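Beneath this line is the structure, given in structure tokens, with notes to follow.
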Amino acid sequence: MPNLIDFKLIFTNIPKLLRALPITLEITFFAMIIGLVLGLLLAIIKVNKLPGLAQITAVFVSFIRGTPLLVQLYISYYAIPIFLKYINYLNHTNYNINAIPSMVFVLLAFSLNEAAYNSENIRAALLSVNKGEIEAAKSLGMTRWQVLRRITIPEAFVVALPTLGNAFIGLMKNTSLAFVASVVDMTAQGQILAGGNYRYFEVYLSLAIIYWILTIITEQILRILENRLTLFSKLQTQVPMAKTHFWLKGKWGQPINDRHSASHETV
Amino acid sequence: MIDIQHLTKRFNHNTIFEDLNLSIDSGEVLGIIGPSGAGKSTLLRCLNLLEEPDQGLITIDKSVYDVKKDSKKQAHLFRQQTSMVFQQFNLFQQKTVLENVMEGLITVKKLDRNEAEKKATHYLQAVDLENRLNYYPQQLSGGQQQRVGIARGLAMESGVLLLDEPTSALDTELVAEVLNTIKKVILNNKNQTVIIVSHELAFIKDVATRVVFFDNGGIVETGTPDKLFNYPEKERTALFLSRFKHSLKGA
Ligand SMILES: Nc1ncnc2c1ncn2[C@@H]1O[C@H](COP(=O)(O)OP(=O)(O)OP(=O)(O)O)[C@@H](O)[C@H]1O
Ligand SMILES: [Mg+2]
């Protein structure tokens with residue numbers, strides 16, 4: 001059985017597949033950047049419990065988390081053109097909806113999906129920032145926005161980095177679903193290749209190797225970044241605990257120092 | 001000049017103090033003492049609006065904050081009238097000692113980096129930390145961290161320094177080092193108004209120009225250190241002080 005596996009093909013496939021790498025990376029980076037910015041915005045809305053917006057955000061995140069990414073891609077691909085056609089009809093306009101590149105629907109679906117998941121991680125990270133540092137920044141006279149930009153977000157970023165890194169890796173692999181919107185990413189490119197020579201197994205092995213290597217590279221970059229950022233962060237050493245004197249006991253016996261930090265405080 | 005009029009603070013239905021009135025002259029060193037839970041921290045935090053008072057009027061020099069009229073959005077402007085030193089230091093962990101002190105100078109006072117660095121270095125010298133400029137907070141002892149906190153407050157040159165139990169989170173052997181720094185700061189600048197909440201009664205007796213005894217609901221008694229510590233008028237004051245007889249001896 002000489003022809004069961006063509007080992008050479010596994011490797012000669014790789015350069016051909018890599019031609020579609022820019023598409024894969026484009027979706028990944030675009031969705032991650034939008035996902036971070038929008039995710040941060042949603043997280044701030046949630047943390048500050050902005051009336052109205054917080055409820056909309058909650059429904060949005062719940063929907064994204066409660067439905068498969070594949071279904072979201074289909075909805076973006078089919079439902080949005082229908083919606084736009086309806087707008088055309090309502091306004092008696094005649095924009096050519098078919099002219100919208102399918103990449104747009106893919107980027108939209110991935111970005112929103114990423115934003116929803118990131119918002120949960122970023123929210124947790126924002127809440128983990130030491131309230132004392134936020135108070136110190138406020139007491140200097142910084143505006144809410146300055147406190148957020150100079151203190152809260154940089155501190156939260158360090159905390160969120162590992163989970164955001166995981167999200168990035170997950171996203172990179174999920175881009176292989178883009179084919180449903182007829183965008184030719186690496187995986188779609190592989191299917192086209194295999195469609196020509198019926199060597200599906202080899203092509204999928206080639207793809208697996210490429211995704212795996214990409215993931216390893218990303219992990220290494222993240223590790224370097226984490227090491228730099230957490231060098232002196234509070235993750236490394238404990239903030240010295242306050243001593244508890246008899247007169248420092250709160251009403252219920254907890255150290256009084258914990259009380260202010262426990263008071264609910266908006267970011 | 002600080003003028004507090006009719007200040008009221010509640011947490012839900014728990015009234016911490018009501019209709020509190022207090023005037024503090026420029027250059028005064030006001031010591032606030034009192035039992036735990038009396039509301040001393042809450043009062044200091046109301047002065048820089050880290051707690052939102054429920055009622056009242058706070059005037060610091062020419063700035064007035066009227067709880068009823070002024071919106072929370074103005075809080076950051078009013079906060080520039082005072083500088084706070086925290087019990088837990090609250091240094092920015094990701095910033096170096098120098099950056100901690102420069103932060104407010106750059107973002108709030110809008111100094112350029114060079115000026116900010118010069119000023120920050122000056123105040124770090126004043127607390128004897130000029131050889132720790134590029135350390136991170138976690139590389140410092142608690143006493144050193146608190147001295148950075150003091151420099152950070154002083155550098156804003158607000159004229160009013162608020163200290164909330166600045167040494168109670170410190171190990172005993174580090175307390176003196178920070179108290180000495182505070183004393184030095186007070187002696188160096190006669191115009192600096194200082195309000196200090198502390199259980200270090202001997203220290204308060206030493207540095208304060210006036211002492212307030214604070215207990216549930218507000219100010220019980222106020223007077224010079226000599227009068228308040230040696231000849232308290234109110235029974236509650238005497239009772240409180242009797243618990244500290246031991247530590248006050250020889251002060
Ligand atoms: N954020 C908060 N929410 C609810 N109650 C609070 C809050 N902060 C303080 N309190 C209550 O207010 C009262 C006064 O507290 P405060 O911390 O001002 O006392 P203190 O005089 O500084 O005491 P200590 O000497 O122990 O520091 C206490 O009964 C406390 O339980
Ligand atoms: Mg207190």
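Here's how to read the names in the structure tokens: chain A, B, ... by the order shown, residue numbers from 1 in each chain, ligand numbers from 1 in the order shown.
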* Would you list the contacts of Gly56 in chain B as a ChimeraX atom specification, taking every protein, DNA or RNA residue within 12 Å and counting only C-alpha atoms, but skipping same-chain residues closer than 3 positions in sequence? => /B:3-9,17-22,46-47,52-53,59,64-70
Store the residues of this selection in a file with N, CA, C and O atoms, as an mmCIF file, in the first residue's frame.
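That gives us out26.cif:
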```
data_model
loop_
_atom_site.group_PDB
_atom_site.id
_atom_site.type_symbol
_atom_site.label_atom_id
_atom_site.label_comp_id
_atom_site.auth_asym_id
_atom_site.auth_seq_id
_atom_site.Cartn_x
_atom_site.Cartn_y
_atom_site.Cartn_z
ATOM 1 N N ASP B 3 -13.005 75.520 56.135
ATOM 2 C CA ASP B 3 -14.206 75.766 56.909
ATOM 3 C C ASP B 3 -15.247 74.703 56.572
ATOM 4 O O ASP B 3 -15.670 74.599 55.417
ATOM 5 N N ILE B 4 -15.596 73.933 57.575
ATOM 6 C CA ILE B 4 -16.588 72.872 57.371
ATOM 7 C C ILE B 4 -17.874 73.309 58.052
ATOM 8 O O ILE B 4 -17.870 73.633 59.239
ATOM 9 N N GLN B 5 -18.960 73.366 57.279
ATOM 10 C CA GLN B 5 -20.226 73.820 57.864
ATOM 11 C C GLN B 5 -21.340 72.799 57.663
ATOM 12 O O GLN B 5 -21.573 72.360 56.541
ATOM 13 N N HIS B 6 -21.994 72.490 58.763
ATOM 14 C CA HIS B 6 -23.196 71.647 58.720
ATOM 15 C C HIS B 6 -22.978 70.352 57.952
ATOM 16 O O HIS B 6 -23.846 69.909 57.206
ATOM 17 N N LEU B 7 -21.807 69.751 58.124
ATOM 18 C CA LEU B 7 -21.505 68.555 57.345
ATOM 19 C C LEU B 7 -22.189 67.330 57.958
ATOM 20 O O LEU B 7 -22.092 67.080 59.155
ATOM 21 N N THR B 8 -22.878 66.594 57.101
ATOM 22 C CA THR B 8 -23.577 65.383 57.546
ATOM 23 C C THR B 8 -23.195 64.234 56.632
ATOM 24 O O THR B 8 -23.124 64.390 55.413
ATOM 25 N N LYS B 9 -22.908 63.103 57.267
ATOM 26 C CA LYS B 9 -22.606 61.915 56.454
ATOM 27 C C LYS B 9 -23.321 60.702 57.010
ATOM 28 O O LYS B 9 -23.255 60.418 58.212
ATOM 29 N N PHE B 17 -21.855 61.284 61.229
ATOM 30 C CA PHE B 17 -21.878 62.541 61.967
ATOM 31 C C PHE B 17 -22.928 63.449 61.336
ATOM 32 O O PHE B 17 -23.318 63.261 60.181
ATOM 33 N N GLU B 18 -23.375 64.404 62.128
ATOM 34 C CA GLU B 18 -24.479 65.241 61.670
ATOM 35 C C GLU B 18 -24.177 66.681 62.040
ATOM 36 O O GLU B 18 -23.713 66.952 63.148
ATOM 37 N N ASP B 19 -24.400 67.586 61.098
ATOM 38 C CA ASP B 19 -24.248 69.005 61.355
ATOM 39 C C ASP B 19 -22.902 69.321 62.010
ATOM 40 O O ASP B 19 -22.823 70.015 63.005
ATOM 41 N N LEU B 20 -21.853 68.812 61.412
ATOM 42 C CA LEU B 20 -20.518 69.006 61.979
ATOM 43 C C LEU B 20 -19.931 70.327 61.484
ATOM 44 O O LEU B 20 -19.996 70.639 60.296
ATOM 45 N N ASN B 21 -19.401 71.107 62.420
ATOM 46 C CA ASN B 21 -18.784 72.384 62.069
ATOM 47 C C ASN B 21 -17.365 72.431 62.596
ATOM 48 O O ASN B 21 -17.119 72.074 63.747
ATOM 49 N N LEU B 22 -16.441 72.851 61.751
ATOM 50 C CA LEU B 22 -15.040 72.888 62.165
ATOM 51 C C LEU B 22 -14.287 73.856 61.256
ATOM 52 O O LEU B 22 -14.468 73.846 60.046
ATOM 53 N N CYS B 46 -14.428 62.654 53.497
ATOM 54 C CA CYS B 46 -15.415 63.623 53.023
ATOM 55 C C CYS B 46 -14.720 64.911 52.570
ATOM 56 O O CYS B 46 -15.167 65.573 51.638
ATOM 57 N N LEU B 47 -13.617 65.246 53.238
ATOM 58 C CA LEU B 47 -12.924 66.482 52.885
ATOM 59 C C LEU B 47 -12.375 66.439 51.464
ATOM 60 O O LEU B 47 -12.249 67.470 50.806
ATOM 61 N N GLU B 52 -18.953 60.845 49.508
ATOM 62 C CA GLU B 52 -19.846 61.955 49.179
ATOM 63 C C GLU B 52 -20.660 62.329 50.425
ATOM 64 O O GLU B 52 -21.424 61.515 50.925
ATOM 65 N N PRO B 53 -20.468 63.540 50.968
ATOM 66 C CA PRO B 53 -21.265 63.920 52.134
ATOM 67 C C PRO B 53 -22.737 64.041 51.745
ATOM 68 O O PRO B 53 -23.059 64.196 50.569
ATOM 69 N N THR B 59 -15.403 74.662 52.625
ATOM 70 C CA THR B 59 -14.643 75.717 51.966
ATOM 71 C C THR B 59 -13.167 75.488 52.244
ATOM 72 O O THR B 59 -12.768 75.321 53.392
ATOM 73 N N VAL B 64 -15.188 76.429 47.136
ATOM 74 C CA VAL B 64 -16.329 76.025 47.948
ATOM 75 C C VAL B 64 -16.954 74.786 47.325
ATOM 76 O O VAL B 64 -17.136 74.723 46.105
ATOM 77 N N TYR B 65 -17.244 73.802 48.155
ATOM 78 C CA TYR B 65 -18.002 72.656 47.665
ATOM 79 C C TYR B 65 -19.295 72.571 48.454
ATOM 80 O O TYR B 65 -19.293 72.329 49.653
ATOM 81 N N ASP B 66 -20.367 72.817 47.749
ATOM 82 C CA ASP B 66 -21.686 72.750 48.374
ATOM 83 C C ASP B 66 -22.320 71.434 47.954
ATOM 84 O O ASP B 66 -22.605 71.223 46.777
ATOM 85 N N VAL B 67 -22.515 70.552 48.935
ATOM 86 C CA VAL B 67 -22.988 69.207 48.628
ATOM 87 C C VAL B 67 -24.270 69.253 47.811
ATOM 88 O O VAL B 67 -24.462 68.477 46.876
ATOM 89 N N LYS B 68 -25.142 70.180 48.145
ATOM 90 C CA LYS B 68 -26.442 70.230 47.477
ATOM 91 C C LYS B 68 -26.327 70.751 46.038
ATOM 92 O O LYS B 68 -26.986 70.270 45.143
ATOM 93 N N LYS B 69 -25.419 71.701 45.846
ATOM 94 C CA LYS B 69 -25.391 72.369 44.541
ATOM 95 C C LYS B 69 -24.383 71.767 43.577
ATOM 96 O O LYS B 69 -24.665 71.596 42.401
ATOM 97 N N ASP B 70 -23.180 71.469 44.109
ATOM 98 C CA ASP B 70 -22.125 71.080 43.180
ATOM 99 C C ASP B 70 -22.276 69.628 42.768
ATOM 100 O O ASP B 70 -22.516 68.760 43.592
#
```
* Collect all residues with atoms no farther than 9 Å from ligand 2, counting only C-alpha atoms and all ligand atoms, and output them as a ChimeraX atom specification. => /A:248,256-257 /B:36-42,44,87,164-165,197-198
* 10 Å contact set for Pro232 in chain B, only C-alpha atoms, chain neighbours under 5 positions out, as a ChimeraX atom specification -> /B:213,221-223,225-227,237-239,241
* Residue contacts of Glu103 in chain B (12 Å, only C-alpha atoms) excluding same-chain residues fewer than 3 positions away, as an MDAnalysis selection string -> (chainID A and resid 136:142 146:147 150:151) or (chainID B and resid 91:92 94:100 106:113 116:117 119:120 151:153 155:156)
* Please, which residues of chain B lie no more than 8 Å from chain A when the count uses only C-alpha atoms, and can they be set out as a PyMOL selection string? -> chain B and resi 35-37+48+50+75-80+82-84+86+88+90-94+104+107-108+136+138+142+153+156+168-171
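The smallest atom-to-atom distance between ligand 1 and any of B:Ile182, B:Leu129, B:Leu174, B:Ile196, using only C-alpha atoms and all ligand atoms, is found for B:Ile196.
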* **Selection: 8 Å around Leu30 in chain B, only C-alpha atoms, excl. self and same-chain fewer than 4 positions, as an MDAnalysis selection string** => chainID B and resid 24 194:196 208:212
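Comparing B:Arg132, B:Lys73, B:Lys183, B:His199 by their smallest distance to ligand 1, the closest is B:His199 (using only C-alpha atoms and all ligand atoms).
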* To do: Within range 8-248 of chain B, find each residue whose DSSP state, derived from the backbone, is alpha helix (DSSP H), and express the selection as number ranges by chain.
  => B: 40-47, 75-79, 97-107, 113-126, 142-155, 172-188, 201-207, 225-230, 235-242, 245-248
* Which polymer residues have any atom within 10 Å of an atom of Tyr77 in chain A, counting only C-alpha atoms, with same-chain residues fewer than 2 positions away left out, as JSON, numbers by chain? -> {"A": [71, 72, 73, 74, 75, 79, 80, 81, 82, 102, 103, 104, 105, 106, 108, 109, 180, 181, 182]}
Atoms to include: C-alpha atoms. Write the selected residues as a CSV table (one decimal), in the first residue's frame.
```csv
chain,number,residue,atom,x,y,z
A,71,VAL,CA,-24.7,30.2,13.6
A,72,GLN,CA,-23.5,33.8,14.2
A,73,LEU,CA,-21.5,33.7,11.0
A,74,TYR,CA,-24.5,32.4,9.1
A,75,ILE,CA,-26.7,35.1,10.6
A,79,ALA,CA,-29.5,38.2,7.8
A,80,ILE,CA,-27.7,41.4,7.3
A,81,PRO,CA,-28.2,41.5,3.5
A,82,ILE,CA,-31.9,40.9,4.1
A,102,SER,CA,-18.3,38.8,2.2
A,103,MET,CA,-15.2,39.5,4.3
A,104,VAL,CA,-17.2,42.3,5.9
A,105,PHE,CA,-19.8,39.9,7.3
A,106,VAL,CA,-17.0,37.6,8.6
A,108,LEU,CA,-18.4,41.7,11.8
A,109,ALA,CA,-19.3,38.3,13.3
A,180,VAL,CA,-19.1,29.4,5.5
A,181,ALA,CA,-19.2,33.0,4.3
A,182,SER,CA,-17.1,32.0,1.2
```
* Excluding Thr187 in chain A and any residue of its chain fewer than 4 positions from it, enumerate the residues within 7 Å of it, using only C-alpha atoms, and give them as a ChimeraX atom specification. => /A:176,191,207
May I have the selected residues written with N, CA and C atoms, as an mmCIF file, in the first residue's frame?
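Everything below was put into selection36.cif:
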```
data_model
loop_
_atom_site.group_PDB
_atom_site.id
_atom_site.type_symbol
_atom_site.label_atom_id
_atom_site.label_comp_id
_atom_site.auth_asym_id
_atom_site.auth_seq_id
_atom_site.Cartn_x
_atom_site.Cartn_y
_atom_site.Cartn_z
ATOM 1 N N SER A 176 -11.030 29.430 10.933
ATOM 2 C CA SER A 176 -11.234 28.365 9.941
ATOM 3 C C SER A 176 -12.720 28.188 9.613
ATOM 4 N N GLN A 191 -9.140 23.108 1.558
ATOM 5 C CA GLN A 191 -10.230 22.330 0.964
ATOM 6 C C GLN A 191 -10.201 22.424 -0.558
ATOM 7 N N LEU A 207 -2.510 21.572 7.566
ATOM 8 C CA LEU A 207 -3.181 22.664 8.273
ATOM 9 C C LEU A 207 -2.937 22.573 9.776
#
```
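Atom pair CA of Glu226 in chain A / CA of Glu114 in chain A has a distance of 20.9 Å (rounded to one decimal).
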